[in-house]
Structures are given as structure tokens and as C-alpha cells.
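Input: a single structure, listed below in C-alpha cells.
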Amino acid sequence: MFSQEKSATPRLNNSPGNGAGTGGTVFPVASTQVGSGAAFKLGIIAEMKLSKRSSLFSGLRYSFMSEKIKVGNYIATAFLSQYSSSPVNNAYVGAPRKAYHNKYHFIEIPLMYQLQLNKGTKTSLLWNAGISAGYLFSNNGLVYDSLSGGIYYKDKKAFNKIHFNSGTGFSARFGEKKKIQWAVGPDFSMDMTRLFKQEIYSGKRYLLYGGITGRVFLPSKKK
């Protein structure tokens, strides 16, 4: 999984009493580069034939995505989140020293169109494209706040819960004449909904997914 980010310009804080420090002029620690992390998707999909070489499929899918950042020391503090005005009791402050993995858990409903590109009967070469609607039901993601001195902290209210993404991929399908068929190939999708509700300090962030997808098909019995 990859994360696309458009960096925001750091600001200086001249307002005391609203941050992890003691007020005055704060020279913020810059946000660290976001690195790719582990990701996978697992679901049950139903396929509906439109023609001999095309079909639609949809179902229910669980998606896990993650990204890697570096953060400073974990300390107890007290201030209001710049994203949602929620109270924050703990934060990562100071120069980035250790790795932290932001993890995102989604329930998705995909709707994909699939087209067979060749006329083969033993092995089908397939292209698919479509969209999916997802709900972010759990995450441990950190938000970056330069106004409070360049710190990271948790604020679940800062994240968009409803997400829409588009995707495409290719695969080779085997076992056309058998009861159980399977397909494998590269898959790519991009979130069309930004990760945060507001762009205050972390800028525009979108989740990207790229990997190898495998499918197992259980054809319905012919009448």
C-alpha cells in the first residue's frame, strides 16, 4: 500500500497555551516522509455474466492498508486537537527517531466490470475496472500538527469514514473446463476520498493500493 501526500507549509505558533510546549515562538519539527506498508484485501464476490466474454462482479470485502512514518518520543500532554477540537492526552514530540505504522481497516462493497481480452478457452486473459464504496471502521493513524510544534497524535475524528475508490487490474484465469477455476494478476486502486476531513497541516493524503490479486471461482451448476 502506498500513500500519496501533498505537503502543507509548516507554520509558526506565537500563541501560548495551545500546544505541547510552553508557548512563545515554536519552530515546528517537519513531518516525516510517508512510506508504503503492508496491505491486503479479502472478500466474497458474486459474478454475473453479461455476455460470453464480459461480466459484472460485486460482493463484500475487508481491506487492510498501512503506511510507515517516523515519530519522536511519546509523552503525556494536554491540549485540543487542531482538527476536531477534541482533547488530546498523549502525543509523539521531538525529532523523528522510531518507526510507527498507521493501520487502516475498511469494509468495502466493490462493483467491477470484467472483460476477456482473448478468445482462449483454456486460459482467459482478463481486464477489470470499477469502483468501490468503503467504510473506515477502525484505525490507529496519527495526525501531524505543525501549529503545536510539529507533533503527532491520535484523533479518530480527523479521518473521513466514508471512502470511494477506483481500480483496475489484469489477470489470467485457469481451469475453464473444471468445477473450480482460479485467476491471478496485478491489481491497482486509488482512493478518491482524502484521508483527512481537513487539510490543515497534513495536506492532501490519499491511499493507494498495488499488489497481486488471486481469486477462486465456484461456478454455479448449469440447469
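Every chain in the C-alpha cells takes a letter, A first, then B, and so on in the order presented; its residues are numbered from 1, and the ligands are numbered from 1 following the presented order.
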Non-local contacts of segment 103-119 of chain A (7 Å; only C-alpha atoms; under 2 positions in same chain excluded) as a compact mmCIF listing (two decimals) with C-alpha atoms, in the first residue's frame:
# COMPACT_ATOMS: atom_id res chain seq x y z
CA ARG A 53 -16.72 -12.53 -22.71
CA SER A 54 -17.90 -9.92 -20.19
CA SER A 55 -19.32 -9.91 -16.69
CA LEU A 56 -20.02 -7.84 -13.58
CA PHE A 57 -19.00 -8.83 -10.09
CA SER A 58 -19.74 -7.43 -6.66
CA GLY A 59 -19.81 -8.54 -3.05
CA LEU A 60 -18.40 -7.74 0.38
CA ARG A 61 -14.70 -7.20 1.07
CA TYR A 62 -12.41 -6.45 4.00
CA SER A 63 -9.39 -4.27 3.19
CA PHE A 64 -6.34 -3.65 5.35
CA MET A 65 -3.91 -0.86 4.49
CA SER A 66 -0.94 0.59 6.32
CA GLU A 67 1.78 3.21 5.97
CA HIS A 101 2.76 2.09 11.40
CA THR A 121 -10.82 -21.46 -23.83
CA SER A 124 -8.55 -16.42 -20.29
CA LEU A 125 -6.74 -13.07 -20.18
CA LEU A 126 -8.97 -10.66 -18.26
CA TRP A 127 -9.11 -6.91 -17.69
CA ASN A 128 -11.27 -5.44 -14.96
CA ALA A 129 -12.13 -1.90 -13.83
CA GLY A 130 -14.62 -0.42 -11.41
CA ILE A 131 -15.32 1.43 -8.19
CA SER A 132 -15.96 0.54 -4.57
CA ALA A 133 -17.55 2.20 -1.57
CA GLY A 134 -15.89 1.63 1.81
CA TYR A 135 -16.26 2.42 5.48
CA LEU A 136 -13.21 3.03 7.70
CA PHE A 137 -14.34 1.22 10.84
CA SER A 138 -11.02 1.18 12.75
CA ASN A 139 -7.60 2.82 12.60
CA ASN A 140 -4.65 3.83 14.78
CA GLY A 141 -3.48 6.59 12.42
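Nearest residue to Leu147 of chain A among A:Ser81, A:Arg215, A:Leu50, A:Asn73 is A:Ser81, counting only C-alpha atoms.
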Neighbouring residues of segment 88-92 of chain A were defined as those with any atom within 8 Å, considering only C-alpha atoms; residues of the same chain fewer than 6 positions away were excluded. Please report them as a ChimeraX atom specification. /A:71-81,151-155
Expected file: the selected residues, N, CA, C and O atoms, as a compact mmCIF listing (two decimals), in the first residue's frame:
# COMPACT_ATOMS: atom_id res chain seq x y z
N VAL A 71 8.39 8.90 14.18
CA VAL A 71 7.89 9.83 15.19
C VAL A 71 8.92 10.01 16.30
O VAL A 71 9.89 9.26 16.40
N GLY A 72 8.67 11.01 17.15
CA GLY A 72 9.55 11.28 18.28
C GLY A 72 9.13 10.53 19.52
O GLY A 72 8.51 9.48 19.46
N ASN A 73 9.45 11.09 20.69
CA ASN A 73 9.15 10.44 21.97
C ASN A 73 7.67 10.57 22.32
O ASN A 73 7.03 11.58 22.04
N TYR A 74 7.15 9.54 22.97
CA TYR A 74 5.74 9.50 23.39
C TYR A 74 5.62 10.09 24.79
O TYR A 74 6.24 9.59 25.73
N ILE A 75 4.86 11.17 24.94
CA ILE A 75 4.75 11.83 26.24
C ILE A 75 3.29 12.13 26.57
O ILE A 75 2.42 12.15 25.70
N ALA A 76 3.03 12.35 27.84
CA ALA A 76 1.71 12.78 28.29
C ALA A 76 1.63 14.29 28.17
O ALA A 76 2.57 15.01 28.51
N THR A 77 0.52 14.78 27.65
CA THR A 77 0.34 16.20 27.46
C THR A 77 -1.16 16.51 27.49
O THR A 77 -1.97 15.61 27.67
N ALA A 78 -1.52 17.75 27.32
CA ALA A 78 -2.93 18.13 27.33
C ALA A 78 -3.13 19.36 26.45
O ALA A 78 -2.57 20.42 26.73
N PHE A 79 -3.92 19.18 25.38
CA PHE A 79 -4.27 20.30 24.51
C PHE A 79 -5.45 19.85 23.64
O PHE A 79 -5.90 18.71 23.71
N LEU A 80 -5.97 20.76 22.86
CA LEU A 80 -7.08 20.46 21.98
C LEU A 80 -6.58 20.20 20.57
O LEU A 80 -5.72 20.90 20.06
N SER A 81 -7.13 19.17 19.93
CA SER A 81 -6.77 18.83 18.56
C SER A 81 -7.12 19.98 17.63
O SER A 81 -8.21 20.55 17.70
N ILE A 151 4.07 17.92 16.05
CA ILE A 151 3.83 16.71 16.83
C ILE A 151 2.87 15.78 16.09
O ILE A 151 2.18 16.19 15.17
N TYR A 152 2.85 14.53 16.53
CA TYR A 152 1.91 13.54 16.03
C TYR A 152 1.03 13.07 17.18
O TYR A 152 1.52 12.86 18.29
N TYR A 153 -0.24 12.90 16.90
CA TYR A 153 -1.15 12.38 17.93
C TYR A 153 -2.35 11.70 17.27
O TYR A 153 -2.58 11.85 16.07
N LYS A 154 -3.13 10.97 18.07
CA LYS A 154 -4.30 10.28 17.57
C LYS A 154 -5.54 11.16 17.70
O LYS A 154 -5.77 11.77 18.73
N ASP A 155 -6.31 11.20 16.64
CA ASP A 155 -7.60 11.89 16.65
C ASP A 155 -8.48 11.23 15.59
O ASP A 155 -8.44 11.58 14.41
If you run DSSP on the backbone here, which positions in segment 3-213 of chain A get strand (DSSP E or B)? Please write them as an MDAnalysis selection string. chainID A and resid 3:6 13 26 35:49 54:80 87:116 123:139 142:145 151:154 159 162:174 181:191 196 204:213
If you count only C-alpha atoms, the residue of A:Val93, A:Ile162, A:Ala39, A:Ala46 closest to Ser189 of chain A turns out to be A:Ala39
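Among the candidates A:Met192, A:Phe40, A:Asn102, A:Arg97, the one nearest to Val143 of chain A when counting only C-alpha atoms is A:Asn102.
Closest approach to Ala172 of chain A among A:Ala30, A:Leu218, A:Ser86, A:Thr213 is made by A:Thr213 (distances from only C-alpha atoms).
A straight line drawn from atom CA of Val184 of chain A to atom CA of Ile212 of chain A is 7.0 Å long.
With only C-alpha atoms as the atoms that count, the minimum distance from Val29 of chain A to the choices A:Ser148, A:Ser84, A:Thr123, A:Ser51 is reached by A:Ser148.
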